[in-house]
file entry.cif (mmCIF, C-alpha atoms (C1' of nucleotides))
data_entry
#
loop_
_atom_site.label_atom_id
_atom_site.label_comp_id
_atom_site.auth_asym_id
_atom_site.auth_seq_id
_atom_site.Cartn_x
_atom_site.Cartn_y
_atom_site.Cartn_z
CA MET B 1 123.13 111.96 153.61
CA THR B 2 119.64 110.62 154.30
CA GLN B 3 117.95 111.16 150.97
CA PRO B 4 114.19 110.63 150.98
CA LYS B 5 114.27 107.45 148.87
CA THR B 6 112.55 107.77 145.52
CA ASP B 7 109.49 105.72 144.66
CA PRO B 8 110.47 102.40 143.04
CA ARG B 9 107.87 102.97 140.35
CA VAL B 10 109.75 106.07 139.30
CA LEU B 11 113.10 104.30 139.14
CA ARG B 12 111.57 101.45 137.17
CA THR B 13 109.85 103.70 134.66
CA ARG B 14 112.85 105.95 134.14
CA LYS B 15 115.04 102.93 133.54
CA LEU B 16 112.56 101.53 131.03
CA ILE B 17 112.51 104.81 129.14
CA MET B 18 116.25 105.32 129.18
CA ASP B 19 117.04 101.76 128.18
CA SER B 20 114.54 101.94 125.35
CA PHE B 21 116.09 105.15 124.13
CA ILE B 22 119.56 103.65 124.17
CA GLU B 23 118.24 100.58 122.38
CA LEU B 24 116.55 102.69 119.70
CA SER B 25 119.64 104.84 119.31
CA GLY B 26 121.41 101.78 118.01
CA LYS B 27 118.83 101.32 115.26
CA LYS B 28 117.85 104.82 114.18
CA GLU B 29 119.29 108.29 114.04
CA PHE B 30 118.40 110.58 116.88
CA LYS B 31 116.31 112.85 114.66
CA ASP B 32 114.14 109.92 113.58
CA ILE B 33 113.31 108.76 117.08
CA THR B 34 109.87 109.87 118.25
CA ILE B 35 108.43 109.87 121.74
CA LYS B 36 105.95 107.26 120.59
CA ASP B 37 108.82 105.00 119.47
CA ILE B 38 110.39 105.23 122.90
CA THR B 39 107.23 104.68 124.89
CA THR B 40 106.16 101.78 122.69
CA GLU B 41 109.52 100.10 123.13
CA ALA B 42 109.36 100.75 126.88
CA MET B 43 105.74 99.60 127.05
CA ILE B 44 104.69 102.66 128.99
CA ASN B 45 102.08 105.26 128.22
CA ARG B 46 103.17 108.29 126.24
CA ALA B 47 101.79 110.64 128.88
CA THR B 48 104.00 108.97 131.45
CA PHE B 49 107.04 110.04 129.45
CA TYR B 50 106.14 113.67 130.00
CA TYR B 51 105.75 113.02 133.69
CA HIS B 52 109.48 112.30 133.85
CA PHE B 53 111.07 114.28 131.03
CA GLU B 54 110.37 117.67 129.50
CA ASP B 55 111.00 116.48 125.99
CA ILE B 56 113.35 114.28 124.01
CA TYR B 57 116.30 116.64 124.50
CA ASP B 58 115.83 116.45 128.24
CA LEU B 59 115.91 112.68 127.93
CA LEU B 60 119.04 112.85 125.79
CA GLU B 61 120.81 114.94 128.40
CA LYS B 62 119.90 112.63 131.23
CA VAL B 63 120.84 109.51 129.33
CA LEU B 64 124.18 110.96 128.33
CA SER B 65 124.87 112.07 131.90
CA GLU B 66 124.19 108.61 133.16
CA VAL B 67 126.20 106.84 130.50
CA LEU B 68 129.07 109.21 131.19
CA LEU B 69 128.90 108.54 134.91
CA VAL B 70 129.11 104.82 134.23
CA ASN B 71 132.07 105.40 131.95
CA LEU B 72 133.74 107.44 134.67
CA ASN B 73 133.06 104.67 137.13
CA TYR B 74 131.73 107.16 139.58
CA ASP B 75 131.94 105.10 142.77
CA THR B 76 135.61 104.45 142.33
CA TYR B 77 136.39 108.12 141.94
CA GLU B 78 134.51 109.02 145.09
CA ASN B 79 137.11 107.17 147.13
CA ASP B 80 140.12 108.10 145.09
CA GLU B 81 142.36 111.08 145.37
CA LEU B 82 142.99 113.52 142.57
CA ASN B 83 146.44 112.44 141.49
CA GLU B 84 148.10 111.82 138.17
CA GLU B 85 146.44 108.49 137.67
CA ALA B 86 142.99 109.94 138.31
CA PHE B 87 143.52 112.67 135.72
CA VAL B 88 144.62 110.19 133.14
CA ARG B 89 141.66 107.94 133.76
CA ILE B 90 139.16 110.79 133.64
CA PHE B 91 140.66 112.22 130.50
CA THR B 92 140.66 108.81 128.84
CA ALA B 93 137.07 108.20 129.87
CA ILE B 94 135.62 111.40 128.49
CA THR B 95 137.64 111.20 125.32
CA ASN B 96 136.48 107.67 124.63
CA PHE B 97 132.96 108.74 125.50
CA GLN B 98 133.06 111.48 122.90
CA LYS B 99 134.56 109.20 120.29
CA SER B 100 131.87 106.58 120.79
CA LEU B 101 129.16 109.23 120.52
CA SER B 102 130.47 110.82 117.35
CA ASN B 103 130.55 107.40 115.73
CA ARG B 104 126.92 107.02 116.59
CA CYS B 105 123.79 108.95 116.01
CA HIS B 106 123.95 112.23 117.83
CA ARG B 107 125.35 114.46 115.13
CA GLY B 108 124.59 118.10 115.72
CA TYR B 109 124.57 117.86 119.49
CA GLU B 110 128.24 118.39 120.18
CA ASP B 111 127.46 121.50 122.21
CA THR B 112 124.96 119.68 124.37
CA ILE B 113 127.32 116.78 124.84
CA GLY B 114 130.16 119.11 125.74
CA ARG B 115 128.07 120.87 128.34
CA ILE B 116 126.99 117.59 129.87
CA ILE B 117 130.54 116.34 130.11
CA ARG B 118 131.71 119.53 131.79
CA GLU B 119 128.85 119.50 134.24
CA GLN B 120 129.63 115.96 135.33
CA LEU B 121 133.35 116.60 135.51
CA GLU B 122 132.72 119.64 137.67
CA ILE B 123 130.71 117.60 140.16
CA ILE B 124 133.32 114.88 140.33
CA PHE B 125 136.26 117.23 140.70
CA TYR B 126 134.51 119.16 143.42
CA LYS B 127 133.73 116.06 145.43
CA MET B 128 137.23 114.70 145.12
CA MET B 129 138.84 117.96 146.15
CA LEU B 130 136.46 118.40 149.03
CA LYS B 131 137.50 115.03 150.37
CA GLN B 132 141.17 115.69 149.81
CA ASN B 133 141.20 119.13 151.41
CA ARG B 134 138.97 118.32 154.35
CA MET B 135 137.24 121.65 154.42
CA GLU B 136 133.66 122.76 154.46
CA HIS B 137 131.77 123.71 151.34
CA ASP B 138 134.23 126.15 149.85
CA GLU B 139 133.58 128.57 147.03
CA SER B 140 137.15 128.51 145.84
CA LEU B 141 136.99 124.73 145.38
CA LYS B 142 133.87 125.19 143.25
CA ILE B 143 135.54 127.67 140.99
CA THR B 144 138.57 125.43 140.72
CA SER B 145 136.28 122.59 139.68
CA VAL B 146 134.80 124.73 136.95
CA ILE B 147 138.22 125.61 135.65
CA LEU B 148 139.40 122.02 135.76
CA SER B 149 136.30 120.71 134.00
CA TRP B 150 136.62 123.22 131.19
CA GLY B 151 140.32 122.57 131.00
CA ILE B 152 140.16 118.83 130.79
CA TYR B 153 137.26 118.95 128.37
CA GLY B 154 139.13 121.47 126.23
CA ALA B 155 142.14 119.22 126.23
CA SER B 156 140.00 116.40 124.92
CA VAL B 157 138.59 118.57 122.14
CA GLU B 158 142.07 119.77 121.28
CA TRP B 159 143.42 116.23 121.13
CA LYS B 160 140.74 115.29 118.61
CA ARG B 161 141.29 118.51 116.63
CA ASN B 162 144.98 117.71 116.37
CA GLY B 163 144.15 114.47 114.61
CA MET B 164 144.78 112.31 117.65
CA LYS B 165 148.42 111.98 116.74
CA VAL B 166 149.89 111.71 120.21
CA PRO B 167 148.62 108.82 122.35
CA MET B 168 145.90 109.90 124.75
CA GLU B 169 147.86 109.15 127.92
CA GLU B 170 150.96 110.94 126.79
CA PHE B 171 148.97 113.97 125.70
CA ILE B 172 147.31 114.51 129.06
CA LYS B 173 150.34 113.52 131.12
CA SER B 174 152.33 116.41 129.74
CA ALA B 175 149.91 118.83 131.38
CA ILE B 176 149.54 117.02 134.67
CA PRO B 177 152.54 118.29 136.64
CA PHE B 178 151.11 121.76 136.58
CA LEU B 179 147.61 120.56 137.40
CA VAL B 180 148.70 118.52 140.39
CA SER B 181 150.82 121.28 141.88
CA GLY B 182 147.85 123.58 141.54
CA ILE B 183 145.54 121.12 143.21
CA ASP B 184 147.90 120.51 146.09
CA PHE B 185 148.10 124.19 146.85
CA GLY B 186 145.04 124.11 149.14
CA SER B 187 146.25 121.28 151.33
CA LYS B 188 149.75 122.71 151.76
CA ILE B 189 148.76 125.81 153.68
CA MET L 1 88.09 87.15 120.08
CA THR L 2 88.31 90.78 121.13
CA GLN L 3 89.71 90.49 124.63
CA PRO L 4 89.61 93.69 126.68
CA LYS L 5 93.42 94.17 126.75
CA THR L 6 94.97 93.97 130.19
CA ASP L 7 96.68 96.93 131.78
CA PRO L 8 100.38 97.00 130.87
CA ARG L 9 101.22 97.63 134.50
CA VAL L 10 99.66 94.31 135.37
CA LEU L 11 101.59 92.42 132.71
CA ARG L 12 104.80 94.07 133.79
CA THR L 13 104.33 93.35 137.47
CA ARG L 14 103.27 89.73 136.94
CA LYS L 15 106.31 89.14 134.79
CA LEU L 16 108.58 90.70 137.39
CA ILE L 17 107.15 88.44 140.08
CA MET L 18 107.23 85.27 138.01
CA ASP L 19 110.73 85.87 136.72
CA SER L 20 111.96 86.57 140.22
CA PHE L 21 110.40 83.37 141.47
CA ILE L 22 112.03 81.36 138.71
CA GLU L 23 115.32 83.05 139.44
CA LEU L 24 115.07 82.28 143.15
CA SER L 25 114.03 78.70 142.47
CA GLY L 26 117.45 78.17 140.98
CA LYS L 27 119.14 79.24 144.19
CA LYS L 28 116.92 77.97 146.99
CA GLU L 29 114.48 75.19 147.69
CA PHE L 30 110.84 76.04 147.29
CA LYS L 31 110.16 75.73 151.01
CA ASP L 32 112.82 78.33 151.79
CA ILE L 33 111.48 80.97 149.43
CA THR L 34 109.46 83.67 151.18
CA ILE L 35 107.13 86.25 149.68
CA LYS L 36 109.52 88.92 150.85
CA ASP L 37 112.35 87.24 148.93
CA ILE L 38 110.31 87.32 145.78
CA THR L 39 109.10 90.89 146.10
CA THR L 40 112.54 92.13 147.01
CA GLU L 41 114.06 90.44 143.99
CA ALA L 42 111.25 91.82 141.81
CA MET L 43 111.57 95.27 143.38
CA ILE L 44 107.85 95.52 143.99
CA ASN L 45 105.92 96.04 147.20
CA ARG L 46 104.89 92.98 149.15
CA ALA L 47 101.26 94.08 149.20
CA THR L 48 101.31 94.17 145.42
CA PHE L 49 102.11 90.47 145.37
CA TYR L 50 98.80 89.74 147.06
CA TYR L 51 97.02 91.88 144.51
CA HIS L 52 98.00 89.34 141.85
CA PHE L 53 98.37 86.02 143.65
CA GLU L 54 96.57 84.40 146.53
CA ASP L 55 99.72 82.97 148.04
CA ILE L 56 102.94 81.29 147.03
CA TYR L 57 101.18 78.12 145.90
CA ASP L 58 99.01 80.13 143.58
CA LEU L 59 102.16 81.66 142.16
CA LEU L 60 103.74 78.22 141.79
CA GLU L 61 100.76 76.98 139.82
CA LYS L 62 100.73 79.91 137.47
CA VAL L 63 104.46 79.80 136.90
CA LEU L 64 104.38 76.09 136.19
CA SER L 65 101.45 76.53 133.81
CA GLU L 66 103.31 79.16 131.92
CA VAL L 67 106.57 77.24 131.78
CA LEU L 68 104.67 74.20 130.57
CA LEU L 69 102.93 76.19 127.86
CA VAL L 70 106.28 77.41 126.63
CA ASN L 71 107.57 73.84 126.64
CA LEU L 72 104.56 72.73 124.66
CA ASN L 73 105.17 75.53 122.21
CA TYR L 74 101.55 76.50 122.42
CA ASP L 75 101.28 78.63 119.28
CA THR L 76 102.51 75.83 117.09
CA TYR L 77 99.97 73.39 118.43
CA GLU L 78 97.14 75.81 117.81
CA ASN L 79 97.69 75.44 114.08
CA ASP L 80 98.53 71.77 114.07
CA GLU L 81 96.31 68.78 113.75
CA LEU L 82 96.16 66.01 116.29
CA ASN L 83 98.09 63.30 114.49
CA GLU L 84 100.80 60.87 115.53
CA GLU L 85 103.54 63.46 115.43
CA ALA L 86 101.55 65.80 117.66
CA PHE L 87 101.01 63.10 120.27
CA VAL L 88 104.67 62.25 120.31
CA ARG L 89 105.68 65.85 120.73
CA ILE L 90 103.20 66.51 123.51
CA PHE L 91 104.17 63.37 125.35
CA THR L 92 107.84 64.18 125.03
CA ALA L 93 107.25 67.72 126.21
CA ILE L 94 105.39 66.88 129.39
CA THR L 95 107.71 64.02 130.25
CA ASN L 96 110.75 66.23 129.91
CA PHE L 97 108.95 68.91 131.88
CA GLN L 98 108.38 66.52 134.74
CA LYS L 99 111.92 65.26 134.66
CA SER L 100 113.34 68.77 134.83
CA LEU L 101 111.07 69.61 137.75
CA SER L 102 111.89 66.55 139.80
CA ASN L 103 115.57 67.34 139.42
CA ARG L 104 114.89 70.75 140.85
CA CYS L 105 113.31 72.16 143.88
CA HIS L 106 109.66 71.29 143.98
CA ARG L 107 109.73 68.06 145.93
CA GLY L 108 106.41 67.26 147.50
CA TYR L 109 104.33 68.99 144.85
CA GLU L 110 103.97 66.12 142.42
CA ASP L 111 100.18 66.21 142.80
CA THR L 112 100.00 69.88 142.05
CA ILE L 113 102.29 69.51 139.12
CA GLY L 114 100.27 66.61 137.77
CA ARG L 115 97.05 68.57 137.99
CA ILE L 116 98.58 71.53 136.23
CA ILE L 117 99.87 69.37 133.43
CA ARG L 118 96.49 67.72 132.92
CA GLU L 119 94.69 71.05 132.95
CA GLN L 120 96.91 72.45 130.27
CA LEU L 121 96.76 69.29 128.18
CA GLU L 122 93.00 69.36 128.36
CA ILE L 123 92.85 72.89 127.02
CA ILE L 124 95.22 72.09 124.20
CA PHE L 125 93.50 68.88 123.17
CA TYR L 126 90.13 70.56 123.19
CA LYS L 127 91.28 73.42 121.00
CA MET L 128 92.97 71.12 118.53
CA MET L 129 89.98 68.82 118.24
CA LEU L 130 87.61 71.74 117.91
CA LYS L 131 89.59 72.98 114.96
CA GLN L 132 89.87 69.54 113.41
CA ASN L 133 86.21 68.65 113.76
CA ARG L 134 84.78 72.00 112.78
CA MET L 135 81.89 71.88 115.16
CA GLU L 136 80.52 74.26 117.72
CA HIS L 137 81.39 74.04 121.37
CA ASP L 138 80.71 70.37 121.95
CA GLU L 139 80.43 68.62 125.28
CA SER L 140 81.65 65.29 123.93
CA LEU L 141 84.87 66.93 122.75
CA LYS L 142 85.41 68.31 126.23
CA ILE L 143 85.03 64.91 127.82
CA THR L 144 87.35 63.41 125.25
CA SER L 145 89.91 66.06 126.12
CA VAL L 146 89.68 65.12 129.77
CA ILE L 147 90.21 61.46 128.98
CA LEU L 148 93.13 62.18 126.68
CA SER L 149 94.80 64.50 129.18
CA TRP L 150 94.57 61.94 131.97
CA GLY L 151 95.65 59.20 129.61
CA ILE L 152 98.72 60.94 128.26
CA TYR L 153 99.72 62.15 131.68
CA GLY L 154 99.25 58.67 133.09
CA ALA L 155 101.41 57.26 130.34
CA SER L 156 104.14 59.68 131.31
CA VAL L 157 103.92 58.66 134.97
CA GLU L 158 103.96 55.01 133.97
CA TRP L 159 106.98 55.45 131.77
CA LYS L 160 108.90 56.94 134.68
CA ARG L 161 107.64 54.26 137.06
CA ASN L 162 108.90 51.55 134.72
CA GLY L 163 112.39 52.92 135.02
CA MET L 164 112.32 54.67 131.64
CA LYS L 165 113.61 51.54 129.95
CA VAL L 166 111.94 51.96 126.59
CA PRO L 167 112.76 55.15 124.66
CA MET L 168 110.11 57.82 125.14
CA GLU L 169 109.03 57.96 121.50
CA GLU L 170 108.71 54.23 121.17
CA PHE L 171 106.72 54.01 124.38
CA ILE L 172 104.04 56.45 123.33
CA LYS L 173 103.99 55.38 119.68
CA SER L 174 102.78 51.95 120.65
CA ALA L 175 99.58 53.47 122.01
CA ILE L 176 98.98 55.96 119.25
CA PRO L 177 97.15 53.84 116.66
CA PHE L 178 94.29 53.40 119.05
CA LEU L 179 94.29 57.04 120.02
CA VAL L 180 94.27 58.34 116.49
CA SER L 181 91.47 56.07 115.34
CA GLY L 182 89.49 57.23 118.31
CA ILE L 183 90.10 60.84 117.54
CA ASP L 184 89.18 60.49 113.89
CA PHE L 185 85.87 58.98 114.83
CA GLY L 186 84.17 62.38 115.05
CA SER L 187 85.21 63.64 111.64
CA LYS L 188 84.36 60.41 109.85
CA ILE L 189 80.61 60.62 110.41
"C1'" DG R 1 101.63 126.91 98.91
"C1'" DG R 2 98.12 123.72 100.67
"C1'" DC R 3 96.40 119.70 102.68
"C1'" DA R 4 96.40 115.18 105.24
"C1'" DA R 5 98.76 112.60 108.43
"C1'" DT R 6 101.63 112.37 112.15
"C1'" DT R 7 103.71 114.08 116.25
"C1'" DT R 8 103.87 116.90 120.31
"C1'" DG R 9 102.53 118.39 124.73
"C1'" DT R 10 98.62 118.83 128.03
"C1'" DT R 11 94.63 117.69 130.93
"C1'" DG R 12 91.09 115.01 133.74
"C1'" DT R 13 89.86 110.72 135.31
"C1'" DT R 14 90.54 105.85 136.52
"C1'" DT R 15 93.34 102.20 138.14
"C1'" DA R 16 97.57 99.83 139.88
"C1'" DT R 17 101.29 100.13 142.96
"C1'" DA R 18 103.76 101.90 147.17
"C1'" DC R 19 103.81 102.20 151.89
"C1'" DA R 20 102.95 101.85 156.70
"C1'" DA R 21 100.66 99.61 160.18
"C1'" DC R 22 98.42 95.71 162.05
"C1'" DA R 23 97.05 90.97 164.08
"C1'" DG R 24 97.82 86.36 163.80
"C1'" DA R 25 100.78 82.36 162.39
"C1'" DT R 26 105.21 80.16 162.07
"C1'" DT R 27 109.88 79.53 163.05
"C1'" DG R 28 113.94 78.75 165.75
"C1'" DA R 29 116.88 78.97 169.53
"C1'" DA R 30 117.39 79.22 174.63
"C1'" DT J 1 108.02 75.20 176.73
"C1'" DT J 2 108.76 80.04 176.11
"C1'" DC J 3 109.96 83.97 173.93
"C1'" DA J 4 111.70 86.85 170.18
"C1'" DA J 5 111.98 87.27 165.54
"C1'" DT J 6 110.27 86.60 161.25
"C1'" DC J 7 106.69 85.80 158.00
"C1'" DT J 8 101.86 86.01 156.33
"C1'" DG J 9 97.90 88.14 154.80
"C1'" DT J 10 94.97 92.44 155.11
"C1'" DT J 11 93.62 97.28 155.14
"C1'" DG J 12 93.54 102.48 154.30
"C1'" DT J 13 95.69 106.10 152.05
"C1'" DA J 14 98.87 108.52 148.88
"C1'" DT J 15 100.88 108.63 144.48
"C1'" DA J 16 102.50 107.02 139.87
"C1'" DA J 17 100.94 105.23 135.58
"C1'" DA J 18 97.28 104.25 132.07
"C1'" DC J 19 94.11 106.03 129.01
"C1'" DA J 20 91.36 108.92 126.08
"C1'" DA J 21 90.70 113.19 124.18
"C1'" DC J 22 92.34 117.49 122.62
"C1'" DA J 23 94.69 121.69 120.26
"C1'" DA J 24 98.74 123.06 118.28
"C1'" DA J 25 102.91 122.09 115.81
"C1'" DT J 26 105.47 119.52 112.45
"C1'" DT J 27 106.15 116.56 108.64
"C1'" DG J 28 105.71 114.93 104.04
"C1'" DC J 29 103.61 114.77 99.75
"C1'" DC J 30 100.94 116.90 95.67
#
call {"tool": "encode", "arguments": {"input": "entry.cif", "output": "structure tokens"}}
result
Amino acid sequence: MTQPKTDPRVLRTRKLIMDSFIELSGKKEFKDITIKDITTEAMINRATFYYHFEDIYDLLEKVLSEVLLVNLNYDTYENDELNEEAFVRIFTAITNFQKSLSNRCHRGYEDTIGRIIREQLEIIFYKMMLKQNRMEHDESLKITSVILSWGIYGASVEWKRNGMKVPMEEFIKSAIPFLVSGIDFGSKI
Amino acid sequence: MTQPKTDPRVLRTRKLIMDSFIELSGKKEFKDITIKDITTEAMINRATFYYHFEDIYDLLEKVLSEVLLVNLNYDTYENDELNEEAFVRIFTAITNFQKSLSNRCHRGYEDTIGRIIREQLEIIFYKMMLKQNRMEHDESLKITSVILSWGIYGASVEWKRNGMKVPMEEFIKSAIPFLVSGIDFGSKI
DNA sequence: GGCAATTTGTTGTTTATACAACAGATTGAA
DNA sequence: TTCAATCTGTTGTATAAACAACAAATTGCC
């Protein structure tokens, strides 16, 4: 629980870089954004960029992760239980997230984006289940999180592929009964 | 002309401190603002404050100078000549500046504020006259700037002391003919 | 293809900022 | 007044950021 507190200079610089990248993403396509563009906008030295990020793809990943977390309203979920409402909200969040990205400038990075979404979902599901089931670090919960993250993400992809005919909420709700029974399994023993 | 370019870290940190101070000034009285308040708001270390400013009065001076410069729209004046319109605008600017300050939180610092205003006026007058008179660094221009800065500032004080009965523009305009003839003296030789 | 210009990533050195610890001053309440 | 708590200003040390210089890769144009 007691994390070693990261240097405020680091937080400040990372925020400058990420905000600049988001800002630039609104003006240019991803492929046209150079490191120099970002560091100039952020008013930091180009070498400093490489102190924090491997390259521009690393930055992209981290920015997307963070934006997604904000969309998912992370703090709220930490205190919530994994019920029908939670599934609907998470599904809605990631689906909207994907829609907003595909409108924008990150064409050709669907795979990356998909991976990022699943990774974040996995973390969130695991934490929520851990809380709900009151057990120690449990391998079976981890695997369940993986399955859920792939499942929910897949559902989102499928919904788009089907032409988004059914309303989002309705679409996911039809699968929830099964999901919730499955989730409750652990706590019923 | 070729200034040695200040470290971007310095610019960034100074801005953080000054902005935080301005922000806090809106919430608290000056006397209740501590260095810790400022550095916490700015998310910088307290020791770093003392790297840039002697103390909180030093900060106050520099913030006021900067705010005043913005009010005076410095860049514009650099290209303008010192005619009637310029005098009116400068007078209006400093008078409004003083009014806005006395409404706020800096009670008891009228002397400081007055000195800051005169210092800035002096710089501006000198630059404008230098341009207008096309002569090298000239001591008589400097002295004239001093006299003008005190004079204009005094006029502003007097206008307030008289209960601000006459409109600002009218008040200063009545003194301008003399001022402008005086100023033109140099270029007429 | 070939060539110039730009971009990428890296490195070594200098400088600004973070941080903890300190003594002395100031505040405020008992 | 007295005492505790807070605030001020300073110092030494560790670390992040700036900067300049570089080779290699990429881009764009002929």
call {"tool": "resolve_selection", "arguments": {"input": "entry.cif", "expression": "the PyMOL selection byres ((chain J) within 10 of (chain L))", "output": "number ranges by chain"}}
result
J: 7-10, 17-19
call {"tool": "interface_residues", "arguments": {"input": "entry.cif", "of": "chain B", "to": "chain L", "cutoff": "12 Å", "atoms": "all atoms listed in the file", "output": "list in words"}}
result
Asp7, Pro8, Arg9, Val10, Leu11, Arg12, Thr13, Leu16, Thr39, Thr40, Ala42, Met43, Ile44 and Asn45 of chain B
call {"tool": "resolve_selection", "arguments": {"input": "entry.cif", "expression": "the PyMOL selection byres ((chain R) within 12 of (chain L))", "output": "list in words"}}
result
DT14, DT15, DA16, DT17, DA18, DC19, DA20 and DT27 of chain R
call {"tool": "write_last_selection", "arguments": {"input": "entry.cif", "atoms": "C-alpha atoms (C1' of nucleotides)", "output": "PDB file, in the frame of the given file"}}
result
ATOM      1  C1'  DT R  14      90.540 105.850 136.520  1.00  0.00           C
ATOM      2  C1'  DT R  15      93.340 102.200 138.140  1.00  0.00           C
ATOM      3  C1'  DA R  16      97.570  99.830 139.880  1.00  0.00           C
ATOM      4  C1'  DT R  17     101.290 100.130 142.960  1.00  0.00           C
ATOM      5  C1'  DA R  18     103.760 101.900 147.170  1.00  0.00           C
ATOM      6  C1'  DC R  19     103.810 102.200 151.890  1.00  0.00           C
ATOM      7  C1'  DA R  20     102.950 101.850 156.700  1.00  0.00           C
ATOM      8  C1'  DT R  27     109.880  79.530 163.050  1.00  0.00           C
TER       9       DT R  27
END
call {"tool": "resolve_selection", "arguments": {"input": "entry.cif", "expression": "the PyMOL selection byres ((chain J and resi 23) around 10)", "output": "list in words"}}
result
DG9 and DT10 of chain R; DC22, DA24 and DA25 of chain J
call {"tool": "closest_residue", "arguments": {"input": "entry.cif", "among": "L:Asp19, L:Ile56, L:Lys27, L:Thr95", "to": "Arg161 (chain L)", "atoms": "all atoms listed in the file"}}
result
L:Thr95
call {"tool": "residues_around", "arguments": {"input": "entry.cif", "residues": "Leu179 (chain L)", "least_positions_apart": "4", "cutoff": "12 Å", "atoms": "only C-alpha atoms (C1' of nucleotides)", "output": "list of chain:residue names"}}
result
L:Leu82, L:Asn83, L:Glu84, L:Ala86, L:Phe87, L:Val88, L:Thr144, L:Ser145, L:Ile147, L:Leu148, L:Ser149, L:Gly151, L:Ile152, L:Ile172, L:Lys173, L:Ser174, L:Ala175, L:Ile183, L:Asp184, L:Phe185
call {"tool": "residues_near_point", "arguments": {"input": "entry.cif", "point": "(104.2, 120.7, 109.5)", "cutoff": "10 Å", "atoms": "all atoms listed in the file", "output": "ChimeraX atom specification"}}
result
/R:5-7 /J:25-28
call {"tool": "atom_distance", "arguments": {"input": "entry.cif", "atom1": "CA of Leu130 (chain L)", "atom2": "CA of Thr6 (chain L)"}}
result
26.4 Å
call {"tool": "atom_distance", "arguments": {"input": "entry.cif", "atom1": "CA of Asp32 (chain B)", "atom2": "C1' of DC30 (chain J)"}}
result
23.3 Å
